[in-house]
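For reference, the structure is listed below as structure tokens.
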There are 2 protein chains.
Amino acid sequence: MKTTRENLAVLDTADPLARFRAEFELPDGVIYLDGNSLGPLPRMVRERVSACVDHEWGQGLIRSWNDAGWIDLPTAVGDKIGRLIGAEPETVVATDSTSVNLFKVLAAALALRPERKVVVSEKSNFPTDLYMVEGLTELLGKGHELRLIDDPSELPRALGEDVAAVMLTHVNYRSGLMHDMAAVTSAVHAAGALAIWDLAHSAGAVPVDLSGAAADFAVGCGYKYLNGGPGAPAFVYVAPRHQQAVRQPLTGWFAHKAPFAFDHRFEPTDGIKRFLCGTPPVLAMTALDAALDIWSDVDMAVLREKSVALTECFIELVENRCAGLGLTLASPREAAQRGSQVSFAHKDGYPVMQALIAGGVIGDFRAPDLLRFGFTALYTRFVDVWDAVEQLEETLRTRSWDRPEFHARAAVT
Amino acid sequence: MKTTRENLAVLDTADPLARFRAEFELPDGVIYLDGNSLGPLPRMVRERVSACVDHEWGQGLIRSWNDAGWIDLPTAVGDKIGRLIGAEPETVVATDSTSVNLFKVLAAALALRPERKVVVSEKSNFPTDLYMVEGLTELLGKGHELRLIDDPSELPRALGEDVAAVMLTHVNYRSGLMHDMAAVTSAVHAAGALAIWDLAHSAGAVPVDLSGAAADFAVGCGYKYLNGGPGAPAFVYVAPRHQQAVRQPLTGWFAHKAPFAFDHRFEPTDGIKRFLCGTPPVLAMTALDAALDIWSDVDMAVLREKSVALTECFIELVENRCAGLGLTLASPREAAQRGSQVSFAHKDGYPVMQALIAGGVIGDFRAPDLLRFGFTALYTRFVDVWDAVEQLEETLRTRSWDRPEFHARAAVT
């Protein structure tokens with residue numbers, strides 16, 4: 001049966017996740033396909049942040065560390081995230097940024113494999129992940145090395161006896177390629193190394209089973225599919241079997257066994273809280289906490305089913321309607337290998353995306369030539385996919401992106 | 001002339017800073033003497049955070065990184081803080097937590113003095129500062145050592161040729177003792193070492209002149225006297241003369257010369273922005289940014305004059321009215337050596353403070369026996385000092401703190 005807007009509207013009517021769209025503030029006239037970069041505002045967040053500012057901070061003042069439970073936010077938020085990524089209770093904390101958390105787990109992993117000097121990753125990994133390895137190895141000055149593979153197929157060959165850890169982003173930020181976490185982790189362990197997973201494009205996007213995959217460490221982001229707000233706190237996971245053995249070097253007072261004893265010597269607390277560092281950012285943590293409440297009755301299998309249907313539909317419609325207009329699929333064609341996003345290459349990707357955004361279809365551009373579109377099953381409808389493709393086709397056919405204003409580069413591209 | 005409540009009310013009437021009190025939300029029935037731990041809510045923050053959530057995030061979505069200037073917040077906020085601490089433009093960024101920023105500057109300082117292995121600090125420094133040195137030196141595994149002095153007078157003897165850096169908190173968190181920043185920095189430099197200042201209890205509390213003192217590095221906190229909200233972003237200062245030479249190890253993508261080129265190799269940007277790391281926390285940064293706008297026409301000399309008058313008045317009244325009730329001044333008696341806080345020791349300090357808080361006078365307790373009171377000249381009135389002392393006297397005379405509920409320890413003490 002030919003795909004029509006009417007058929008897609010029928011799918012929306014039958015969508016078991018349809019009711020979640022009302023949980024979000026979505027601007028009129030916008031089709032938002034960039035929730036993989038910054039999730040939209042959940043309505044509940046607005047209320048909770050206001051209450052936190054006005055009552056907890058404004059009226060409760062310092063007393064709210066106890067009375068409003070601020071002190072427990074990093075673990076409470078961590079546990080809410082843990083349920084979405086197959087993590088056991090008390091194995092996740094929300095804290096710091098993804099970059100800072102990577103530094104912690106990288107240092108912890110290298111300390112667990114002192115005789116090994118190599119961290120393996122992909123050249124196409126999100127750059128900050130690679131930069132953090134660079135920063136750590138330069139600081140250590142002990143001959144550690146970052147070994148980058150160009151393609152996942154090279155991983156077996158890269159897994160020598162010198163490898164301490166393999167650090168991969170589960171779903172690639174550019175292509176959306178999704179690794180088989182269990183299989184890769186198993187191969188990494190067979191080589192005597194540790195597996196570190198970045199879940200920036202996975203948490204809230206696809207089912208993840210850290211425990212089932214026997215992952216060692218994971219980090220991830222609060223502001224993409226988890227909708228915690230711009231620059232929301234990140235999270236870090238440490239497998240229970242490592243928690244008592246590992247130390248991380250950013251030994252701030254919130255990682256201390258008794259922070260309010262104000263002892264001048266550091267003594268790490270037990271468990272995952274030793275991956276905390278300084279005072280937690282309460283306003284940001286409250287926003288993320290509220291955003292996570294949406295997930296309490298989301299079935300990740302149902303979400304994945306819709307996510308796959310959305311991306312399949314997008315690829316099919318783009319390839320049918322924009323054939324010959326300069327687009328090349330840059331994501332895996334096989335749904336099982338794809339996260340919740342689709343990228344197409346276009347030689348004028350930057351101005352094309354600017355023209356789309358000006359017309360209300362918001363995706364993003366990744367240098368040098370990728371148009372990237374995120375499909376978030378909680379609030380994206382099938383008719384949105386139709387309408388977005390219609391505008392993409394129109395933009396390409398009319399070459400509206402030729403206008404000079406679409407070529408001016410912004411600070412954030 | 002004897003101090004009376006009436007005389008103090010006259011001082012309030014003549015106070016050139018009196019108008020700033022209206023900038024803050026202060027709960028009824030509370031005398032808030034804990035702004036040195038968590039500053040109260042500035043009215044402007046409520047509006048700016050709402051606007052950020054509703055409009056910038058809710059309506060602008062990803063576009064707000066450019067359109068709302070989110071991308072520039074770390075430097076814009078940094079410059080606003082810089083004006084309060086005698087820092088040159090483009091030498092301060094707001095980012096991460098104080099603990100994380102200490103890690104950066106400690107690593108940077110040790111790299112500038114590779115042949116020296118000692119960091120000197122005070123045993124009475126805020127513990128997280130010491131813990132961060134421990135974490136870094138353990139990570140490096142190169143025989144670095146934290147040398148702790150018990151008293152500032154021991155500093156000259158501690159300054160051997162093995163000292164790479166001296167890390168001090170300008171105003172001690174417990175006693176309020178204020179170091180002579182220029183003199184100490186000069187002595188540190190004479191010994192060939194670098195001076196790292198923690199301004200947690202100084203920024204917005206006392207005049208600071210980092211540039212005039214020739215400080216090398218500084219860090220500080222956004223949520224105390226700067227009123228940026230619970231867990232607000234911290235800041236980091238690097239003297240212009242070091243900025244091109246130093247690297248810090250938390251090399252996240254916001255420290256990259258071209259973060260949106262997504263190059264897989266790290267290349268540090270120029271200047272202070274290389275002390276950034278991951279994606280900035282926009283909601284928290286917006287709150288801090290708004291809170292800092294209050295300071296644009298505050299004269300720090302006038303603020304200091306009132307701060308000294310408040311602490312002098314408090315000490316005088318307590319020592320007169322609570323004589324024989326078990327209190328001992330634990331702060332310098334000499335105003336020039338004191339920050340903007342006063343501590344008194346009392347053997348039952350914890351329940352005494354709980355009783356005070358229950359009665360609406362909010363200070364805090366620092367183990368083992370300190371009652372700590374912060375005097376923030378922007379919103380504390382002279383009559384507040386009177387009323388607080390009256391309640392302290394009453395609490396001690398009636399032994400109201402004997403009640404069992406005041407002895408129950410909370411998570412945050």
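Letters A, B, ... mark the chains of the structure tokens in the order given; residue numbers begin at 1 per chain; ligand numbers begin at 1, in order shown.
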
Output, as a short mmCIF file (atom, residue, chain, number, x, y, z; two decimals) with C-alpha atoms, in the first residue's frame, the coordinates of chain B following least-squares superposition onto chain A across all in-order C-alpha pairs.
```cif
data_model
loop_
_atom_site.label_atom_id
_atom_site.label_comp_id
_atom_site.auth_asym_id
_atom_site.auth_seq_id
_atom_site.Cartn_x
_atom_site.Cartn_y
_atom_site.Cartn_z
CA MET B 1 0.02 -0.02 -0.01
CA LYS B 2 1.30 3.40 -0.95
CA THR B 3 2.17 5.61 2.00
CA THR B 4 -0.10 8.64 2.18
CA ARG B 5 -0.56 11.33 4.79
CA GLU B 6 -3.98 9.82 5.51
CA ASN B 7 -2.50 6.38 6.18
CA LEU B 8 0.04 7.94 8.52
CA ALA B 9 -2.69 9.83 10.38
CA VAL B 10 -4.34 6.48 11.01
CA LEU B 11 -1.09 5.20 12.52
CA ASP B 12 -1.04 8.22 14.84
CA THR B 13 -4.57 7.47 15.98
CA ALA B 14 -3.60 3.92 16.85
CA ASP B 15 -0.28 4.94 18.47
CA PRO B 16 -0.12 3.65 22.07
CA LEU B 17 2.38 6.43 22.86
CA ALA B 18 0.25 9.23 21.41
CA ARG B 19 -0.82 10.52 24.81
CA PHE B 20 2.78 11.46 25.71
CA ARG B 21 2.88 14.26 23.17
CA ALA B 22 0.69 16.34 25.47
CA GLU B 23 3.39 16.15 28.13
CA PHE B 24 5.60 18.46 26.07
CA GLU B 25 5.57 22.12 25.11
CA LEU B 26 6.04 22.15 21.37
CA PRO B 27 5.99 25.49 19.55
CA ASP B 28 3.32 26.04 16.92
CA GLY B 29 4.48 25.72 13.35
CA VAL B 30 7.49 23.62 14.21
CA ILE B 31 8.27 20.00 13.43
CA TYR B 32 10.99 19.23 15.90
CA LEU B 33 13.40 16.57 14.70
CA ASP B 34 16.29 17.61 16.91
CA GLY B 35 15.35 16.02 20.20
CA ASN B 36 18.52 14.01 19.81
CA SER B 37 20.44 17.24 20.35
CA LEU B 38 18.17 19.06 22.82
CA GLY B 39 14.94 17.52 24.01
CA PRO B 40 11.91 19.84 24.19
CA LEU B 41 10.43 21.22 27.39
CA PRO B 42 8.24 18.78 29.34
CA ARG B 43 5.31 20.65 30.88
CA MET B 44 6.03 19.16 34.26
CA VAL B 45 9.52 20.66 34.24
CA ARG B 46 8.18 24.18 34.12
CA GLU B 47 6.15 23.61 37.28
CA ARG B 48 8.87 21.76 39.15
CA VAL B 49 11.56 24.32 38.35
CA SER B 50 9.24 27.15 39.43
CA ALA B 51 8.49 25.35 42.67
CA CYS B 52 12.17 24.71 43.24
CA VAL B 53 13.09 28.34 42.66
CA ASP B 54 10.15 29.95 44.49
CA HIS B 55 9.57 27.59 47.37
CA GLU B 56 12.56 25.33 47.90
CA TRP B 57 15.20 27.94 47.30
CA GLY B 58 13.23 31.16 47.90
CA GLN B 59 11.41 30.09 51.07
CA GLY B 60 13.29 27.01 52.26
CA LEU B 61 16.75 28.43 51.66
CA ILE B 62 19.58 26.32 53.08
CA ARG B 63 17.06 24.08 54.90
CA SER B 64 16.00 22.57 51.57
CA TRP B 65 19.12 20.43 51.38
CA ASN B 66 17.34 18.28 53.94
CA ASP B 67 13.69 19.33 53.79
CA ALA B 68 13.31 19.22 50.00
CA GLY B 69 15.66 16.28 49.59
CA TRP B 70 18.20 18.15 47.45
CA ILE B 71 20.93 16.03 48.95
CA ASP B 72 19.39 12.88 47.47
CA LEU B 73 18.87 14.19 43.93
CA PRO B 74 22.00 12.68 42.36
CA THR B 75 21.05 9.15 43.42
CA ALA B 76 17.28 9.56 42.97
CA VAL B 77 17.72 10.91 39.45
CA GLY B 78 20.37 8.29 38.78
CA ASP B 79 17.99 5.50 39.70
CA LYS B 80 15.29 6.90 37.42
CA ILE B 81 17.77 6.89 34.53
CA GLY B 82 18.99 3.46 35.53
CA ARG B 83 15.56 1.97 34.91
CA LEU B 84 15.76 3.12 31.27
CA ILE B 85 19.16 1.60 30.59
CA GLY B 86 18.97 -1.77 32.29
CA ALA B 87 21.03 -0.73 35.27
CA GLU B 88 20.64 -2.20 38.72
CA PRO B 89 19.44 0.15 41.51
CA GLU B 90 22.24 2.22 43.05
CA THR B 91 24.53 1.87 40.06
CA VAL B 92 23.83 5.24 38.41
CA VAL B 93 24.26 8.81 39.63
CA ALA B 94 23.38 12.04 37.86
CA THR B 95 26.34 14.41 38.11
CA ASP B 96 28.64 16.74 36.21
CA SER B 97 28.86 16.63 32.40
CA THR B 98 29.30 13.65 30.12
CA SER B 99 32.89 14.77 29.45
CA VAL B 100 33.78 14.97 33.14
CA ASN B 101 32.14 11.62 33.81
CA LEU B 102 34.12 10.05 30.99
CA PHE B 103 37.30 11.28 32.63
CA LYS B 104 36.26 9.54 35.84
CA VAL B 105 35.46 6.20 34.26
CA LEU B 106 38.49 6.26 31.98
CA ALA B 107 40.77 6.87 34.95
CA ALA B 108 38.97 4.16 36.91
CA ALA B 109 39.25 1.70 34.03
CA LEU B 110 42.96 2.35 33.46
CA ALA B 111 43.59 1.82 37.16
CA LEU B 112 41.88 -1.58 36.93
CA ARG B 113 44.19 -2.59 34.04
CA PRO B 114 47.53 -1.03 35.07
CA GLU B 115 49.62 -3.22 32.80
CA ARG B 116 47.69 -2.23 29.66
CA LYS B 117 48.19 1.10 27.94
CA VAL B 118 45.65 1.37 25.14
CA VAL B 119 42.15 2.79 24.94
CA VAL B 120 40.35 1.75 21.77
CA SER B 121 37.65 3.90 20.25
CA GLU B 122 36.22 4.91 16.90
CA LYS B 123 37.51 7.85 14.91
CA SER B 124 33.87 8.74 14.32
CA ASN B 125 33.05 8.79 18.03
CA PHE B 126 31.72 12.04 19.41
CA PRO B 127 34.84 14.18 19.63
CA THR B 128 34.65 15.13 23.31
CA ASP B 129 34.95 11.44 24.20
CA LEU B 130 38.23 11.23 22.31
CA TYR B 131 39.44 14.54 23.71
CA MET B 132 38.92 13.30 27.25
CA VAL B 133 41.15 10.30 26.55
CA GLU B 134 43.76 12.67 25.13
CA GLY B 135 43.57 14.89 28.20
CA LEU B 136 43.86 11.97 30.60
CA THR B 137 46.71 10.22 28.82
CA GLU B 138 48.67 13.46 28.48
CA LEU B 139 48.16 14.13 32.19
CA LEU B 140 49.27 10.64 33.16
CA GLY B 141 52.37 10.81 30.97
CA LYS B 142 52.77 7.05 31.18
CA GLY B 143 52.64 6.17 27.52
CA HIS B 144 48.95 5.50 27.25
CA GLU B 145 47.62 5.58 23.74
CA LEU B 146 44.28 6.18 22.03
CA ARG B 147 43.84 3.63 19.25
CA LEU B 148 41.18 4.69 16.78
CA ILE B 149 39.43 2.38 14.39
CA ASP B 150 37.81 3.67 11.22
CA ASP B 151 35.08 1.08 11.12
CA PRO B 152 33.44 -1.19 13.70
CA SER B 153 34.59 -4.21 11.70
CA GLU B 154 38.16 -3.40 12.72
CA LEU B 155 37.42 -3.92 16.39
CA PRO B 156 38.52 -7.57 16.66
CA ARG B 157 41.94 -6.73 15.20
CA ALA B 158 42.32 -3.73 17.52
CA LEU B 159 41.72 -5.85 20.63
CA GLY B 160 45.30 -6.72 21.52
CA GLU B 161 46.64 -7.66 24.92
CA ASP B 162 47.68 -4.06 25.40
CA VAL B 163 44.07 -2.83 25.46
CA ALA B 164 42.81 -1.65 28.83
CA ALA B 165 39.44 -0.34 27.73
CA VAL B 166 37.19 0.02 24.73
CA MET B 167 35.17 3.23 24.78
CA LEU B 168 32.33 3.36 22.29
CA THR B 169 29.25 5.44 21.82
CA HIS B 170 26.43 2.94 21.56
CA VAL B 171 24.60 4.94 18.88
CA ASN B 172 26.85 7.02 16.67
CA TYR B 173 26.02 10.72 16.80
CA ARG B 174 26.45 11.21 13.06
CA SER B 175 25.24 8.05 11.37
CA GLY B 176 22.96 6.65 14.04
CA LEU B 177 24.75 3.30 13.72
CA MET B 178 23.97 1.21 16.80
CA HIS B 179 26.47 -1.29 18.16
CA ASP B 180 25.43 -4.67 19.49
CA MET B 181 26.28 -3.86 23.09
CA ALA B 182 26.20 -7.41 24.40
CA ALA B 183 28.29 -8.87 21.59
CA VAL B 184 30.89 -6.11 21.67
CA THR B 185 31.16 -6.17 25.45
CA SER B 186 31.63 -9.91 25.35
CA ALA B 187 34.44 -9.58 22.79
CA VAL B 188 36.04 -6.83 24.84
CA HIS B 189 35.95 -8.99 27.96
CA ALA B 190 37.35 -11.97 26.06
CA ALA B 191 40.34 -9.78 25.25
CA GLY B 192 40.76 -8.93 28.92
CA ALA B 193 39.67 -5.34 28.49
CA LEU B 194 36.87 -3.26 29.99
CA ALA B 195 33.87 -1.86 28.11
CA ILE B 196 32.89 1.80 28.52
CA TRP B 197 29.65 2.82 26.80
CA ASP B 198 28.53 6.34 26.03
CA LEU B 199 24.74 6.31 25.97
CA ALA B 200 24.26 9.92 24.84
CA HIS B 201 22.12 8.85 21.88
CA SER B 202 20.69 5.74 23.52
CA ALA B 203 19.18 6.59 26.90
CA GLY B 204 15.51 7.20 26.24
CA ALA B 205 16.01 6.46 22.55
CA VAL B 206 16.42 2.70 22.35
CA PRO B 207 16.21 -0.18 24.82
CA VAL B 208 19.52 -0.59 26.65
CA ASP B 209 20.46 -3.43 28.96
CA LEU B 210 23.72 -2.55 30.67
CA SER B 211 23.35 -5.30 33.22
CA GLY B 212 22.44 -7.94 30.66
CA ALA B 213 25.35 -6.92 28.46
CA ALA B 214 27.73 -7.01 31.46
CA ALA B 215 28.97 -3.51 30.63
CA ASP B 216 31.65 -2.21 32.96
CA PHE B 217 31.05 1.54 32.83
CA ALA B 218 28.67 3.87 31.06
CA VAL B 219 28.05 7.57 30.82
CA GLY B 220 25.33 9.57 29.14
CA CYS B 221 23.58 12.81 28.65
CA GLY B 222 20.51 14.30 30.32
CA TYR B 223 19.54 16.84 27.69
CA LYS B 224 18.84 14.77 24.59
CA TYR B 225 16.21 12.04 24.68
CA LEU B 226 15.77 12.47 28.44
CA ASN B 227 14.61 16.07 27.93
CA GLY B 228 16.32 17.44 31.04
CA GLY B 229 17.02 20.88 29.57
CA PRO B 230 20.01 22.56 27.93
CA GLY B 231 23.23 21.38 29.56
CA ALA B 232 21.32 19.11 31.97
CA PRO B 233 23.41 17.00 34.34
CA ALA B 234 24.92 13.87 32.83
CA PHE B 235 25.03 10.41 34.38
CA VAL B 236 27.54 7.71 35.13
CA TYR B 237 27.08 3.97 35.63
CA VAL B 238 29.51 1.59 37.30
CA ALA B 239 28.81 -2.15 37.36
CA PRO B 240 28.22 -3.42 40.89
CA ARG B 241 31.21 -5.76 40.61
CA HIS B 242 33.59 -2.81 40.22
CA GLN B 243 32.12 -0.41 42.71
CA GLN B 244 34.21 -1.27 45.74
CA ALA B 245 37.43 -1.76 43.80
CA VAL B 246 37.48 1.43 41.79
CA ARG B 247 38.48 4.94 42.65
CA GLN B 248 38.02 7.94 40.43
CA PRO B 249 40.36 10.91 40.68
CA LEU B 250 37.84 13.77 40.97
CA THR B 251 37.49 13.14 44.68
CA GLY B 252 35.21 15.99 45.67
CA TRP B 253 33.44 16.18 48.98
CA PHE B 254 30.23 14.57 47.73
CA ALA B 255 32.26 11.40 47.12
CA HIS B 256 33.37 11.32 50.76
CA LYS B 257 32.06 8.80 53.25
CA ALA B 258 31.03 11.60 55.61
CA PRO B 259 31.08 14.91 53.72
CA PHE B 260 29.69 16.91 56.62
CA ALA B 261 32.27 15.64 59.07
CA PHE B 262 34.66 17.97 57.20
CA ASP B 263 37.62 15.66 57.74
CA HIS B 264 40.76 16.87 56.00
CA ARG B 265 41.54 13.38 54.65
CA PHE B 266 39.57 11.86 51.82
CA GLU B 267 37.81 8.60 52.47
CA PRO B 268 35.64 7.38 49.59
CA THR B 269 32.05 6.54 50.32
CA ASP B 270 30.72 3.13 49.34
CA GLY B 271 29.13 2.39 46.03
CA ILE B 272 28.23 4.59 43.12
CA LYS B 273 28.27 7.82 45.15
CA ARG B 274 32.03 7.80 44.96
CA PHE B 275 31.56 8.96 41.37
CA LEU B 276 30.08 12.22 42.61
CA CYS B 277 32.38 15.20 42.99
CA GLY B 278 31.26 18.72 43.97
CA THR B 279 27.96 20.22 45.11
CA PRO B 280 25.15 19.06 42.80
CA PRO B 281 23.44 21.65 40.56
CA VAL B 282 20.00 21.60 42.16
CA LEU B 283 17.99 23.65 39.64
CA ALA B 284 19.30 21.65 36.70
CA MET B 285 18.92 18.39 38.60
CA THR B 286 15.32 19.25 39.46
CA ALA B 287 14.50 19.89 35.80
CA LEU B 288 15.98 16.52 34.83
CA ASP B 289 14.21 14.80 37.70
CA ALA B 290 10.85 16.18 36.57
CA ALA B 291 11.53 15.29 32.93
CA LEU B 292 12.24 11.70 33.94
CA ASP B 293 8.84 11.30 35.59
CA ILE B 294 7.32 11.08 32.12
CA TRP B 295 9.11 7.76 31.66
CA SER B 296 7.59 5.92 34.58
CA ASP B 297 5.04 4.17 32.39
CA VAL B 298 6.80 4.09 29.04
CA ASP B 299 7.41 0.59 27.72
CA MET B 300 10.79 0.76 25.98
CA ALA B 301 9.86 -2.06 23.61
CA VAL B 302 6.79 -0.15 22.44
CA LEU B 303 8.90 2.98 22.12
CA ARG B 304 11.46 1.15 20.02
CA GLU B 305 8.78 -0.24 17.75
CA LYS B 306 7.44 3.22 17.03
CA SER B 307 10.94 4.69 16.69
CA VAL B 308 11.82 2.11 14.05
CA ALA B 309 8.56 2.72 12.23
CA LEU B 310 9.23 6.47 12.20
CA THR B 311 12.75 6.15 10.83
CA GLU B 312 11.68 3.54 8.26
CA CYS B 313 8.90 5.79 7.11
CA PHE B 314 11.25 8.78 6.85
CA ILE B 315 13.85 6.90 4.82
CA GLU B 316 11.21 5.50 2.48
CA LEU B 317 9.52 8.84 1.90
CA VAL B 318 12.78 10.74 1.40
CA GLU B 319 14.16 8.21 -1.02
CA ASN B 320 10.92 8.17 -2.99
CA ARG B 321 10.15 11.83 -3.06
CA CYS B 322 13.62 13.36 -3.12
CA ALA B 323 15.21 10.92 -5.56
CA GLY B 324 17.72 12.72 -7.77
CA LEU B 325 17.90 15.75 -5.50
CA GLY B 326 21.39 15.07 -4.14
CA LEU B 327 20.65 13.16 -0.94
CA THR B 328 22.46 9.99 0.10
CA LEU B 329 21.42 7.93 3.11
CA ALA B 330 24.23 8.11 5.69
CA SER B 331 22.58 5.89 8.29
CA PRO B 332 22.30 2.09 8.34
CA ARG B 333 19.49 0.90 6.14
CA GLU B 334 18.92 -2.05 8.44
CA ALA B 335 16.64 -0.90 11.27
CA ALA B 336 18.27 -3.20 13.81
CA GLN B 337 21.57 -1.38 13.32
CA ARG B 338 20.09 2.07 13.65
CA GLY B 339 19.32 4.21 16.68
CA SER B 340 16.49 6.71 16.66
CA GLN B 341 17.94 9.11 14.11
CA VAL B 342 18.53 9.27 10.37
CA SER B 343 21.17 11.24 8.50
CA PHE B 344 21.35 12.08 4.82
CA ALA B 345 24.41 13.55 3.18
CA HIS B 346 23.99 16.51 0.84
CA LYS B 347 26.88 18.53 -0.58
CA ASP B 348 25.17 21.76 0.53
CA GLY B 349 24.01 20.34 3.82
CA TYR B 350 24.54 23.48 5.85
CA PRO B 351 22.36 25.90 3.88
CA VAL B 352 19.80 23.20 3.18
CA MET B 353 19.37 22.66 6.92
CA GLN B 354 19.17 26.41 7.56
CA ALA B 355 16.42 26.68 4.96
CA LEU B 356 14.55 23.77 6.55
CA ILE B 357 14.82 25.35 10.00
CA ALA B 358 13.60 28.69 8.66
CA GLY B 359 10.58 26.80 7.36
CA GLY B 360 9.89 25.19 10.73
CA VAL B 361 11.43 21.76 10.25
CA ILE B 362 14.19 21.62 12.83
CA GLY B 363 16.91 19.05 12.41
CA ASP B 364 20.60 19.81 12.55
CA PHE B 365 23.75 19.84 10.47
CA ARG B 366 26.91 17.93 11.20
CA ALA B 367 30.01 18.87 9.23
CA PRO B 368 30.97 18.34 6.52
CA ASP B 369 27.71 17.42 4.82
CA LEU B 370 25.14 15.70 7.05
CA LEU B 371 21.50 16.58 7.51
CA ARG B 372 20.60 14.88 10.77
CA PHE B 373 17.07 14.13 11.94
CA GLY B 374 16.08 12.70 15.30
CA PHE B 375 12.84 10.74 15.75
CA THR B 376 11.64 10.76 19.30
CA ALA B 377 8.74 8.43 19.73
CA LEU B 378 7.25 10.25 22.73
CA TYR B 379 6.21 13.32 20.77
CA THR B 380 6.87 12.82 17.05
CA ARG B 381 3.86 11.82 14.98
CA PHE B 382 3.80 9.93 11.71
CA VAL B 383 2.19 12.94 10.03
CA ASP B 384 5.17 15.01 11.21
CA VAL B 385 7.39 12.71 9.19
CA TRP B 386 5.20 13.25 6.15
CA ASP B 387 5.17 17.02 6.55
CA ALA B 388 8.91 17.19 7.14
CA VAL B 389 9.65 15.23 3.99
CA GLU B 390 7.28 17.39 2.04
CA GLN B 391 9.19 20.45 3.13
CA LEU B 392 12.54 18.82 2.45
CA GLU B 393 11.42 17.99 -1.08
CA GLU B 394 10.16 21.51 -1.64
CA THR B 395 13.38 23.04 -0.29
CA LEU B 396 15.50 20.92 -2.58
CA ARG B 397 13.31 21.31 -5.67
CA THR B 398 13.00 25.08 -5.39
CA ARG B 399 16.61 25.48 -4.21
CA SER B 400 15.32 27.88 -1.57
CA TRP B 401 18.57 27.18 0.32
CA ASP B 402 20.44 29.18 -2.32
CA ARG B 403 19.50 32.38 -0.51
CA PRO B 404 22.57 33.98 1.03
CA GLU B 405 21.19 34.20 4.57
CA PHE B 406 21.18 30.40 4.79
CA HIS B 407 24.91 30.29 4.13
CA ALA B 408 25.95 32.52 7.03
CA ARG B 409 27.57 30.35 9.66
CA ALA B 410 26.27 30.62 13.22
CA ALA B 411 28.42 30.06 16.33
CA VAL B 412 26.71 26.73 16.94
CA THR B 413 26.20 24.85 13.71
#
```

Please return as a PyMOL selection string: the residues of range 115-240 of chain A that backbone DSSP assigns to strand (DSSP E).
chain A and resi 118-122+145-149+163-169+194-198+217-220+235-238

Go ahead and save the residues from that selection, with C-alpha atoms, as an mmCIF file, in the first residue's frame.
```cif
data_model
loop_
_atom_site.group_PDB
_atom_site.id
_atom_site.type_symbol
_atom_site.label_atom_id
_atom_site.label_comp_id
_atom_site.auth_asym_id
_atom_site.auth_seq_id
_atom_site.Cartn_x
_atom_site.Cartn_y
_atom_site.Cartn_z
ATOM 1 C CA VAL A 118 45.655 1.373 25.138
ATOM 2 C CA VAL A 119 42.144 2.786 24.932
ATOM 3 C CA VAL A 120 40.343 1.744 21.762
ATOM 4 C CA SER A 121 37.654 3.905 20.244
ATOM 5 C CA GLU A 122 36.219 4.913 16.910
ATOM 6 C CA GLU A 145 47.614 5.568 23.728
ATOM 7 C CA LEU A 146 44.285 6.163 22.025
ATOM 8 C CA ARG A 147 43.834 3.613 19.232
ATOM 9 C CA LEU A 148 41.170 4.698 16.776
ATOM 10 C CA ILE A 149 39.420 2.387 14.387
ATOM 11 C CA VAL A 163 44.080 -2.834 25.462
ATOM 12 C CA ALA A 164 42.812 -1.658 28.831
ATOM 13 C CA ALA A 165 39.441 -0.354 27.724
ATOM 14 C CA VAL A 166 37.192 0.031 24.740
ATOM 15 C CA MET A 167 35.172 3.218 24.790
ATOM 16 C CA LEU A 168 32.334 3.358 22.291
ATOM 17 C CA THR A 169 29.246 5.431 21.827
ATOM 18 C CA LEU A 194 36.859 -3.255 29.991
ATOM 19 C CA ALA A 195 33.867 -1.859 28.118
ATOM 20 C CA ILE A 196 32.877 1.793 28.523
ATOM 21 C CA TRP A 197 29.643 2.802 26.799
ATOM 22 C CA ASP A 198 28.526 6.341 26.023
ATOM 23 C CA PHE A 217 31.053 1.534 32.836
ATOM 24 C CA ALA A 218 28.666 3.862 31.065
ATOM 25 C CA VAL A 219 28.054 7.570 30.812
ATOM 26 C CA GLY A 220 25.333 9.574 29.152
ATOM 27 C CA PHE A 235 25.040 10.419 34.386
ATOM 28 C CA VAL A 236 27.544 7.709 35.126
ATOM 29 C CA TYR A 237 27.081 3.967 35.628
ATOM 30 C CA VAL A 238 29.514 1.596 37.299
#
```

So that I can check the secondary structure, give me every residue of range 31-205 of chain A assigned alpha helix (DSSP H) by backbone DSSP, as a ChimeraX atom specification.
/A:43-51,64-67,73-82,98-112,127-140,155-158,181-190
